[in-house]
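K.L.:
For reference, this is upload.cif, and it has mmCIF, C-alpha atoms.
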```
data_query
#
loop_
_atom_site.label_atom_id
_atom_site.label_comp_id
_atom_site.auth_asym_id
_atom_site.auth_seq_id
_atom_site.Cartn_x
_atom_site.Cartn_y
_atom_site.Cartn_z
CA MET B 1 87.28 111.31 91.81
CA TYR B 2 88.07 108.10 93.72
CA SER B 3 91.48 107.10 94.98
CA THR B 4 93.10 103.99 96.43
CA ASN B 5 96.52 102.47 96.95
CA HIS B 6 97.68 99.02 95.90
CA ASP B 7 100.59 96.64 96.11
CA LEU B 8 102.52 96.90 92.83
CA ALA B 9 102.84 93.21 91.96
CA GLY B 10 106.25 93.58 90.46
CA ASN B 11 108.99 96.08 90.00
CA PRO B 12 107.72 99.58 89.10
CA SER B 13 111.11 100.56 87.68
CA SER B 14 112.13 97.41 85.76
CA CYS B 15 110.85 94.23 84.11
CA GLU B 16 112.86 92.21 86.66
CA TRP B 17 111.23 91.03 89.91
CA GLY B 18 112.07 93.20 92.91
CA ASN B 19 111.57 96.65 94.43
CA MET B 20 108.10 95.73 95.73
CA SER B 21 106.28 99.03 96.28
CA TRP B 22 102.80 100.52 96.66
CA GLY B 23 101.19 102.51 93.88
CA HIS B 24 98.38 105.06 93.82
CA LEU B 25 95.33 104.58 91.57
CA VAL B 26 92.58 107.04 90.64
CA SER B 27 89.15 106.53 89.04
CA ARG B 28 86.19 108.68 88.03
CA ASP B 29 83.70 105.78 87.87
CA LEU B 30 85.09 102.99 90.13
CA LEU B 31 85.34 100.78 87.01
CA THR B 32 88.31 102.21 85.16
CA TRP B 33 91.47 102.81 87.21
CA LYS B 34 94.66 104.60 86.20
CA LEU B 35 98.04 104.89 87.88
CA ALA B 36 98.28 108.33 89.46
CA PRO B 37 101.06 110.72 88.37
CA VAL B 38 102.76 110.33 91.77
CA SER B 39 103.39 106.59 91.95
CA PRO B 40 104.80 104.57 93.59
CA VAL B 41 103.92 106.16 96.91
CA LEU B 42 105.52 103.68 99.34
CA VAL B 43 108.93 102.32 98.33
CA PRO B 44 111.59 100.18 100.05
CA ASP B 45 113.92 102.90 101.33
CA GLN B 46 114.56 101.96 104.97
CA ILE B 47 116.66 99.20 106.56
CA TYR B 48 113.53 97.44 107.87
CA ASP B 49 111.86 97.35 104.39
CA SER B 50 114.96 97.32 102.16
CA GLU B 51 113.73 94.26 100.21
CA GLY B 52 110.16 95.42 99.75
CA VAL B 53 106.99 97.14 100.89
CA PHE B 54 104.72 94.11 100.57
CA THR B 55 101.00 93.58 101.13
CA GLY B 56 99.12 95.37 103.84
CA CYS B 57 95.78 96.88 104.75
CA TRP B 58 93.98 100.07 105.64
CA VAL B 59 93.91 100.72 109.38
CA PRO B 60 90.43 101.92 110.37
CA THR B 61 89.96 104.87 112.69
CA THR B 62 87.70 104.86 115.70
CA ASP B 63 87.27 108.65 115.43
CA ALA B 64 85.04 109.80 112.54
CA SER B 65 86.54 113.31 112.63
CA ASP B 66 90.08 111.97 112.03
CA LYS B 67 90.82 112.35 108.30
CA THR B 68 94.33 110.84 108.47
CA LEU B 69 94.69 107.67 106.38
CA ARG B 70 96.72 104.82 107.87
CA VAL B 71 98.09 101.60 106.43
CA ALA B 72 99.91 98.65 107.97
CA TYR B 73 102.22 96.73 105.64
CA SER B 74 104.68 93.86 105.56
CA SER B 75 108.18 95.35 105.72
CA VAL B 76 110.67 92.89 104.24
CA LYS B 77 114.41 93.10 104.90
CA HIS B 78 115.51 89.62 103.72
CA LEU B 79 114.57 87.55 100.67
CA PRO B 80 113.45 84.89 100.08
CA PHE B 81 111.16 84.69 103.09
CA HIS B 82 108.65 81.89 102.57
CA TRP B 83 108.17 78.20 103.31
CA SER B 84 109.43 76.93 99.93
CA THR B 85 112.97 78.15 100.62
CA PRO B 86 113.84 76.70 104.04
CA PRO B 87 115.12 77.54 106.47
CA TYR B 88 112.92 80.58 107.03
CA PRO B 89 115.24 83.45 108.05
CA ARG B 90 114.35 84.87 111.47
CA HIS B 91 112.88 88.39 111.37
CA ALA B 92 112.95 88.54 107.56
CA ALA B 93 109.65 90.43 107.56
CA GLY B 94 108.07 92.75 110.08
CA LEU B 95 105.12 95.09 110.42
CA ALA B 96 105.30 98.80 109.59
CA LEU B 97 102.87 101.73 109.50
CA ALA B 98 102.47 104.74 107.21
CA THR B 99 100.12 107.74 107.27
CA SER B 100 98.74 110.14 104.66
CA HIS B 101 97.26 113.58 105.28
CA ASP B 102 96.39 114.32 101.64
CA GLY B 103 94.00 111.52 100.70
CA GLY B 104 96.66 108.92 99.88
CA ILE B 105 98.71 110.94 97.40
CA THR B 106 101.80 111.01 99.62
CA TRP B 107 102.70 108.80 102.58
CA GLU B 108 105.00 109.14 105.57
CA LYS B 109 106.43 106.07 107.28
CA SER B 110 106.16 106.03 111.05
CA PRO B 111 109.36 106.98 112.89
CA ARG B 112 108.58 104.03 115.21
CA ASN B 113 108.85 101.48 112.37
CA PRO B 114 109.06 98.61 112.39
CA ILE B 115 106.32 98.39 115.00
CA LEU B 116 106.90 94.62 115.01
CA PRO B 117 110.42 93.64 113.90
CA GLY B 118 109.36 90.07 113.12
CA GLU B 119 107.75 86.92 114.41
CA PRO B 120 107.63 86.05 118.13
CA ASP B 121 110.74 84.38 119.53
CA GLY B 122 110.52 80.68 120.26
CA LEU B 123 108.40 79.74 117.23
CA ASN B 124 109.67 77.87 114.18
CA ILE B 125 107.56 79.58 111.53
CA THR B 126 107.11 79.38 107.76
CA GLY B 127 105.86 82.92 107.18
CA PHE B 128 105.04 86.24 108.84
CA ARG B 129 103.25 88.75 106.65
CA ASP B 130 100.00 90.25 105.29
CA PRO B 131 98.61 92.26 108.23
CA TYR B 132 94.89 92.83 108.70
CA VAL B 133 93.38 95.38 111.11
CA THR B 134 89.68 95.77 111.86
CA ALA B 135 87.28 97.53 114.21
CA PRO B 136 84.38 95.02 114.42
CA LEU B 137 81.07 96.73 115.13
CA SER B 138 79.67 93.74 117.01
CA ILE B 139 82.36 94.10 119.66
CA HIS B 140 82.12 97.92 119.84
CA ARG B 141 78.46 97.88 120.79
CA SER B 142 79.36 96.49 124.18
CA GLY B 143 82.23 98.81 125.02
CA PRO B 144 84.78 101.34 123.83
CA ALA B 145 86.04 101.21 120.25
CA ASN B 146 89.20 99.16 119.78
CA LEU B 147 91.21 97.91 116.85
CA TYR B 148 92.08 94.24 116.38
CA GLY B 149 94.79 92.91 114.13
CA LEU B 150 96.35 89.72 112.86
CA ILE B 151 99.31 88.72 110.75
CA SER B 152 99.40 85.64 108.52
CA GLY B 153 101.95 82.98 109.22
CA GLY B 154 102.55 79.28 109.57
CA ILE B 155 104.09 77.04 112.20
#
```
Translate this file's structure into structure tokens.
P.N.:
Amino acid sequence: MYSTNHDLAGNPSSCEWGNMSWGHLVSRDLLTWKLAPVSPVLVPDQIYDSEGVFTGCWVPTTDASDKTLRVAYSSVKHLPFHWSTPPYPRHAAGLALATSHDGGITWEKSPRNPILPGEPDGLNITGFRDPYVTAPLSIHRSGPANLYGLISGGI
């Protein structure tokens, strides 16, 4: 059995747009995927993500014995929050983390969320979302393992 999580591109509880959440998918063959019985698994239920748990990424571990799964996601507290609806509201979206100890079936949001409340001060931006975290092997060969991350945005 294979398992993954995904951004539910819509509202899992209505046909109206909203309530952006993460679902849990399972597959026996990696070709056919079904929504798991416990889904969605990450929902907008905190002040910092009250308008949606948007796109994110898996956070790699630098310790092979660590079986905890980690994700970083865009936590949205104000909509709309993109360039086509100026002005862009300051700190509309931030960065949050969640962990799973059961293979992605259930998730717990970090008590330190949001780990980034929004974009850096002093920048007039048009977006701040879609985190990506990596542990590039080419860099690790020359020193200790580290994680590197970026967040999409525009200035």
K.L.:
Using the chain letters and numbers from the file, which residues does the PyMOL selection byres ((chain B and resi 153) around 8) grab, as a list of chain:residue names?
P.N.:
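On this input, the PyMOL selection byres ((chain B and resi 153) around 8) captures B:Ile125, B:Thr126, B:Gly127, B:Phe128, B:Arg129, B:Ile151, B:Ser152, B:Gly154, B:Ile155.
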K.L.:
For the file shown, report as a PDB file with C-alpha atoms, in the frame of the given file the outcome of the PyMOL selection byres ((chain B and resi 103) around 10) at residue level.
P.N.:
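File written: result23.pdb
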```pdb
ATOM      1  CA  TYR B   2      88.070 108.100  93.720  1.00  0.00           C
ATOM      2  CA  SER B   3      91.480 107.100  94.980  1.00  0.00           C
ATOM      3  CA  THR B   4      93.100 103.990  96.430  1.00  0.00           C
ATOM      4  CA  LYS B  67      90.820 112.350 108.300  1.00  0.00           C
ATOM      5  CA  THR B  68      94.330 110.840 108.470  1.00  0.00           C
ATOM      6  CA  LEU B  69      94.690 107.670 106.380  1.00  0.00           C
ATOM      7  CA  THR B  99     100.120 107.740 107.270  1.00  0.00           C
ATOM      8  CA  SER B 100      98.740 110.140 104.660  1.00  0.00           C
ATOM      9  CA  HIS B 101      97.260 113.580 105.280  1.00  0.00           C
ATOM     10  CA  ASP B 102      96.390 114.320 101.640  1.00  0.00           C
ATOM     11  CA  GLY B 104      96.660 108.920  99.880  1.00  0.00           C
ATOM     12  CA  ILE B 105      98.710 110.940  97.400  1.00  0.00           C
ATOM     13  CA  THR B 106     101.800 111.010  99.620  1.00  0.00           C
ATOM     14  CA  TRP B 107     102.700 108.800 102.580  1.00  0.00           C
TER      15      TRP B 107
END
```
K.L.:
For the atom pair CA of Ser110 in chain B and CA of Ala98 in chain B, what is the interatomic distance in Å to one decimal place?
P.N.:
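These atoms are spaced 5.5 Å apart.
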K.L.:
To one decimal place in Å, what is the distance between CA of Thr55 in chain B and CA of Pro131 in chain B?
P.N.:
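Result for CA of Thr55 in chain B versus CA of Pro131 in chain B: 7.6 Å, one decimal.
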K.L.:
Starting from the PyMOL selection byres ((chain B and resi 119) around 8), expand the selection into actual residues of this file and give them as an MDAnalysis selection string.
P.N.:
chainID B and resid 90:91 93:94 116:118 120:121 123 125 128
K.L.:
Which residue is closest to Leu95 in chain B? Choose from B:Pro60, B:Leu137, B:Asp49, B:Pro111 and count all atoms listed in the file.
P.N.:
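When distances to Leu95 in chain B are compared using all atoms listed in the file, the smallest one comes from B:Asp49.
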K.L.:
Rounded to one decimal place, report the CA of Val59 in chain B-CA of Glu108 in chain B distance in Å.
P.N.:
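Here the two named atoms are 14.4 Å from each other.
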K.L.:
Rank nothing, just name the residue among B:Ser74, B:Asn124, B:Ala145, B:Ser65 nearest to Pro87 in chain B, using all atoms listed in the file.
P.N.:
B:Asn124
K.L.:
Give the answer as one residue: which of B:Ile115, B:Ala92, B:Leu25, B:Val76 has the shortest atom-to-atom distance to Phe54 in chain B, using only C-alpha atoms?
P.N.:
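Checking each candidate against Phe54 in chain B, we get B:Val76 as the closest.
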K.L.:
Neighbours of Tyr148 in chain B within 9 Å (all atoms listed in the file; same-chain residues fewer than 5 positions away dropped), as a PyMOL selection string?
P.N.:
chain B and resi 132-136
